[in-house]
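Trainee: Sending over a structure as structure tokens; questions will come in a sec.
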Amino acid sequence: MKKITFSKAAVLLTVPMLLAACGDSESESDSTQEENVGEALEYTITGIEPGAGMSEIARQTLEEYDNLEGWDIQESSTAGMLTELEQAIKNEEPIVVAGWTPHYKFEQHDLKMLEDPLKVFGDAEGIYTLTRTGLEEEHPEAFEVLSRFEWEPEHMQAIMLEALKRDFEEVTAEWVEDNRDLVDEWTEGIDNVDGESFELGSIPWDTERSSSNVMARVLEEIGYDVTITNLDPAVLYQALNQGEVDATVGAWLPTAQGAFMETYGENIVDLGPNLNGTVVGFVVPAYMEDIDSIEDLPARD
């Protein structure tokens with residue numbers, strides 16, 4: 001069995017807001033409605049923990065969009081965000097969160113990612129596999145499996161949904177068995193090892209719990225003794241740079257965690273994306289029909 005250690009969790013929090021409209025004309029009504037949205041939000045967008053790369057991009061968004069001048073970013077925790085999001089949707093109240101796909105909340109609720117005309121969040125992201133320098137020479141079998149690892153967003157999202165009810169280790173073990181043809185592509189022709197230790201660095205988000213547990217299971221099948229170590233994003237890149245962990249399959253690049261790669265990437269080997277099509281940005285419930293773009297968020301007087 002693999003050992004799992006934890007550090008600070010990456011989390012989201014949301015702030016509910018109430019829509020209202022009044023006035024003598026349609027234009028006045030629209031203006032008042034927008035104003036009430038901003039007031040109900042207290043001109044605040046809440047994101048994930050300060051140490052995540054996405055938090056820096058979210059703060060940059062406030063600087064790039066003129067209508068967000070005077071807005072704030074409130075950073076807190078994932079558990080808090082999910083509670084607030086579910087409560088707001090239950091009451092059909094508007095809410096804005098910093099979020100990403102794939103994530104099971106998009107399966108549970110009807111949500112939409114706000115358009116980002118200025119591309120501050122960048123285009124579609126990928127989740128990359130990174131290793132420490134020297135891994136290929138010291139653990140060639142693991143390196144080869146990691147270099148072959150590639151799957152689809154629906155695979156990850158299915159695991160995240162099922163793991164709401166059961167343990168990630170149990171769910172991912174079943175997923176590996178149920179997707180044996182794909183797993184065999186990653187391990188075909190790979191020699192078994194005899195209990196060699198291997199440390200996967202991860203981030204304590206459900207996306208990374210999914211991919212890290214899948215990879216740990218696959219590496220265990222070829223004989224590795226795998227430990228998953230959960231770290232804050234910046235710490236994870238430092239650990240890879242210093243050779244303190246062997247690899248990660250949870251790097252969001254090129255935008256969300258690009259600054260960490262620029263800072264610590266000198267001694268990190270980039271094996272490319274293992275999953276394509278991820279998106280990072282501001283998310284709202286679909287019933288907020290008048291808010292489709294970041295530019296639709298009302299300016300603060």
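Residue numbering restarts at 1 for every chain of the structure tokens, chains are lettered A, B, ... in their displayed order, and ligands are numbered from 1 as they appear.
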What's the 9 Å shell around stretch 260-262 of chain A, counting only C-alpha atoms, without same-chain residues fewer than 6 positions away, as number ranges by chain?

Mentor: A: 53, 233-234, 237-238, 253-254, 268

Trainee: Among stretch 170-242 of chain A, which residues carry a DSSP assignment of helix (DSSP H, G or I), reported as a ChimeraX atom specification?

Mentor: /A:170-178,180-187,206-221,233-241

Trainee: Using only C-alpha atoms, please write the residues we just selected to a file, as a PDB file, in the first residue's frame.

Mentor:
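That gives us part.pdb:
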```pdb
ATOM      1  CA  GLU A 170     -10.478   2.116  -4.046  1.00  0.00           C
ATOM      2  CA  VAL A 171     -11.998   4.048  -6.930  1.00  0.00           C
ATOM      3  CA  THR A 172      -8.754   4.352  -8.891  1.00  0.00           C
ATOM      4  CA  ALA A 173      -7.937   0.664  -8.377  1.00  0.00           C
ATOM      5  CA  GLU A 174     -11.285  -0.197  -9.973  1.00  0.00           C
ATOM      6  CA  TRP A 175     -10.694   2.325 -12.755  1.00  0.00           C
ATOM      7  CA  VAL A 176      -7.349   0.711 -13.606  1.00  0.00           C
ATOM      8  CA  GLU A 177      -9.042  -2.691 -13.869  1.00  0.00           C
ATOM      9  CA  ASP A 178     -11.947  -1.346 -15.920  1.00  0.00           C
ATOM     10  CA  ARG A 180      -7.027  -2.294 -18.707  1.00  0.00           C
ATOM     11  CA  ASP A 181      -6.557  -1.769 -22.461  1.00  0.00           C
ATOM     12  CA  LEU A 182      -5.450   1.834 -21.889  1.00  0.00           C
ATOM     13  CA  VAL A 183      -3.294   0.946 -18.888  1.00  0.00           C
ATOM     14  CA  ASP A 184      -1.618  -1.820 -20.882  1.00  0.00           C
ATOM     15  CA  GLU A 185      -0.533   0.787 -23.438  1.00  0.00           C
ATOM     16  CA  TRP A 186       1.371   2.559 -20.655  1.00  0.00           C
ATOM     17  CA  THR A 187       3.076  -0.582 -19.362  1.00  0.00           C
ATOM     18  CA  ASP A 206      -9.425  16.127  -6.525  1.00  0.00           C
ATOM     19  CA  THR A 207      -8.034  16.381 -10.065  1.00  0.00           C
ATOM     20  CA  GLU A 208      -4.559  15.512  -8.800  1.00  0.00           C
ATOM     21  CA  ARG A 209      -5.826  12.906  -6.342  1.00  0.00           C
ATOM     22  CA  SER A 210      -7.314  11.162  -9.370  1.00  0.00           C
ATOM     23  CA  SER A 211      -4.228  11.191 -11.583  1.00  0.00           C
ATOM     24  CA  SER A 212      -1.738  10.567  -8.771  1.00  0.00           C
ATOM     25  CA  ASN A 213      -3.622   7.566  -7.424  1.00  0.00           C
ATOM     26  CA  VAL A 214      -4.018   6.103 -10.910  1.00  0.00           C
ATOM     27  CA  MET A 215      -0.301   6.461 -11.599  1.00  0.00           C
ATOM     28  CA  ALA A 216       0.616   5.103  -8.162  1.00  0.00           C
ATOM     29  CA  ARG A 217      -1.517   2.031  -8.794  1.00  0.00           C
ATOM     30  CA  VAL A 218       0.064   1.447 -12.209  1.00  0.00           C
ATOM     31  CA  LEU A 219       3.606   1.824 -10.850  1.00  0.00           C
ATOM     32  CA  GLU A 220       2.791  -0.546  -7.993  1.00  0.00           C
ATOM     33  CA  GLU A 221       1.694  -3.139 -10.534  1.00  0.00           C
ATOM     34  CA  PRO A 233       1.998  24.051  -5.876  1.00  0.00           C
ATOM     35  CA  ALA A 234       5.061  26.235  -5.287  1.00  0.00           C
ATOM     36  CA  VAL A 235       6.519  23.716  -2.839  1.00  0.00           C
ATOM     37  CA  LEU A 236       5.944  20.899  -5.322  1.00  0.00           C
ATOM     38  CA  TYR A 237       8.015  22.645  -8.000  1.00  0.00           C
ATOM     39  CA  GLN A 238      10.763  23.372  -5.486  1.00  0.00           C
ATOM     40  CA  ALA A 239      10.790  19.719  -4.433  1.00  0.00           C
ATOM     41  CA  LEU A 240      11.116  18.559  -8.046  1.00  0.00           C
ATOM     42  CA  ASN A 241      13.885  21.075  -8.662  1.00  0.00           C
TER      43      ASN A 241
END
```

Trainee: Write out as a list of chain:residue names each polymer residue whose atoms come within 9 Å of A:Ser197, counting only C-alpha atoms; drop sequence neighbours fewer than 5 positions from it.

Mentor: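 Contacts, in chain order: A:Tyr224, A:Asp225, A:Val226, A:Thr227.
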
Trainee: Would you put the residues from that selection into a file with N, CA and C atoms, as an mmCIF file, in the first residue's frame?

Mentor:
```
data_model
loop_
_atom_site.group_PDB
_atom_site.id
_atom_site.type_symbol
_atom_site.label_atom_id
_atom_site.label_comp_id
_atom_site.auth_asym_id
_atom_site.auth_seq_id
_atom_site.Cartn_x
_atom_site.Cartn_y
_atom_site.Cartn_z
ATOM 1 N N TYR A 224 6.878 -1.120 -7.971
ATOM 2 C CA TYR A 224 7.370 0.009 -7.175
ATOM 3 C C TYR A 224 6.619 0.124 -5.845
ATOM 4 N N ASP A 225 7.296 0.622 -4.845
ATOM 5 C CA ASP A 225 6.700 0.981 -3.564
ATOM 6 C C ASP A 225 6.482 2.489 -3.597
ATOM 7 N N VAL A 226 5.236 2.897 -3.817
ATOM 8 C CA VAL A 226 4.930 4.299 -4.151
ATOM 9 C C VAL A 226 4.395 5.053 -2.940
ATOM 10 N N THR A 227 4.931 6.239 -2.744
ATOM 11 C CA THR A 227 4.421 7.200 -1.774
ATOM 12 C C THR A 227 3.897 8.420 -2.524
#
```

Trainee: I need the residues in stretch 46-252 of chain A that are strand (DSSP E or B) according to DSSP; give them as a PyMOL selection string.

Mentor: chain A and resi 46-47+72-75+95-101+111-113+115+125-132+197-202+225-230+247-252

Trainee: Between A:Gly195, A:Gly250, A:Gly223, A:Gly80, which one has atoms that come closest to A:Glu49, using only C-alpha atoms?

Mentor: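 The shortest atom-to-atom distance to A:Glu49 comes from A:Gly80.
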
Trainee: With distances taken over only C-alpha atoms, which residue among A:Gln257, A:Thr129, A:Thr61, A:Gln242 lies nearest A:Leu200?

Mentor: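 Between A:Gln257, A:Thr129, A:Thr61, A:Gln242, the residue approaching A:Leu200 most closely is A:Thr129.
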
Trainee: Would you mind listing what lies within 9 Å of A:Ile45 as an NGL selection string, with only C-alpha atoms counted and same-chain residues fewer than 2 positions away left out?

Mentor: :A and (14-15 or 41-43 or 47 or 58 or 71-75 or 95-98 or 282)

Trainee: With C-alpha atoms retained, write the just-selected residues as a PDB file, in the first residue's frame.

Mentor:
```pdb
ATOM      1  CA  THR A  14     -17.463  31.693  -2.876  1.00  0.00           C
ATOM      2  CA  VAL A  15     -19.599  34.632  -1.930  1.00  0.00           C
ATOM      3  CA  LEU A  41     -20.901  40.419  -4.306  1.00  0.00           C
ATOM      4  CA  GLU A  42     -19.328  43.263  -2.360  1.00  0.00           C
ATOM      5  CA  TYR A  43     -17.233  43.597  -5.523  1.00  0.00           C
ATOM      6  CA  GLY A  47     -10.414  32.124  -5.450  1.00  0.00           C
ATOM      7  CA  ALA A  58      -6.858  36.033 -10.830  1.00  0.00           C
ATOM      8  CA  TRP A  71     -12.713  44.678  -6.997  1.00  0.00           C
ATOM      9  CA  ASP A  72     -10.980  42.300  -4.585  1.00  0.00           C
ATOM     10  CA  ILE A  73      -9.886  38.663  -4.596  1.00  0.00           C
ATOM     11  CA  GLN A  74     -10.789  36.729  -1.455  1.00  0.00           C
ATOM     12  CA  GLU A  75      -8.743  33.546  -1.056  1.00  0.00           C
ATOM     13  CA  ILE A  95     -22.280  33.401  -7.096  1.00  0.00           C
ATOM     14  CA  VAL A  96     -18.848  33.779  -8.731  1.00  0.00           C
ATOM     15  CA  VAL A  97     -15.915  31.440  -8.122  1.00  0.00           C
ATOM     16  CA  ALA A  98     -12.461  30.950  -9.542  1.00  0.00           C
ATOM     17  CA  PHE A 282     -14.114  32.594 -13.377  1.00  0.00           C
TER      18      PHE A 282
END
```

Trainee: For A:Leu164, which residue out of A:His139, A:Lys112, A:His103, A:Lys119 is the nearest one, using only C-alpha atoms?

Mentor: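 Between A:His139, A:Lys112, A:His103, A:Lys119, the residue approaching A:Leu164 most closely is A:His103.
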
Trainee: Just how far from atom CA of A:Thr278 is atom CA of A:Met113, in Å to one decimal?

Mentor: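 Computing it gives 11.6 Å between the two atoms.
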
Trainee: Which residue gives the smallest distance to A:Glu39 among A:Ala256, A:Glu86, A:Pro94, A:Asn230, with only C-alpha atoms counted?

Mentor: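 Closest candidate: A:Pro94.
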
Trainee: Choose the residue, out of A:Gln87, A:Thr248, A:Thr131, A:Asn179, that has the smallest atom-to-atom separation from A:Thr229; count only C-alpha atoms.

Mentor: A:Thr248

Trainee: Find, counting only C-alpha atoms, the residue in A:Asp232, A:Glu138, A:Glu115, A:Asp167 that gets nearest to A:Phe198.

Mentor: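 When distances to A:Phe198 are compared using only C-alpha atoms, the smallest one comes from A:Glu138.
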
Trainee: Could you tell me how far atom CA of A:Ile294 sits from atom CA of A:Ile57, in Å to one decimal place?

Mentor: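 We find that atom CA of A:Ile57 and atom CA of A:Ile294 lie 13.6 Å from each other.
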
Trainee: So the first atom is atom CA of A:Gly38 and the second is atom CA of A:Glu56; what is the distance between them in Å, to one decimal place?

Mentor: 21.9 Å
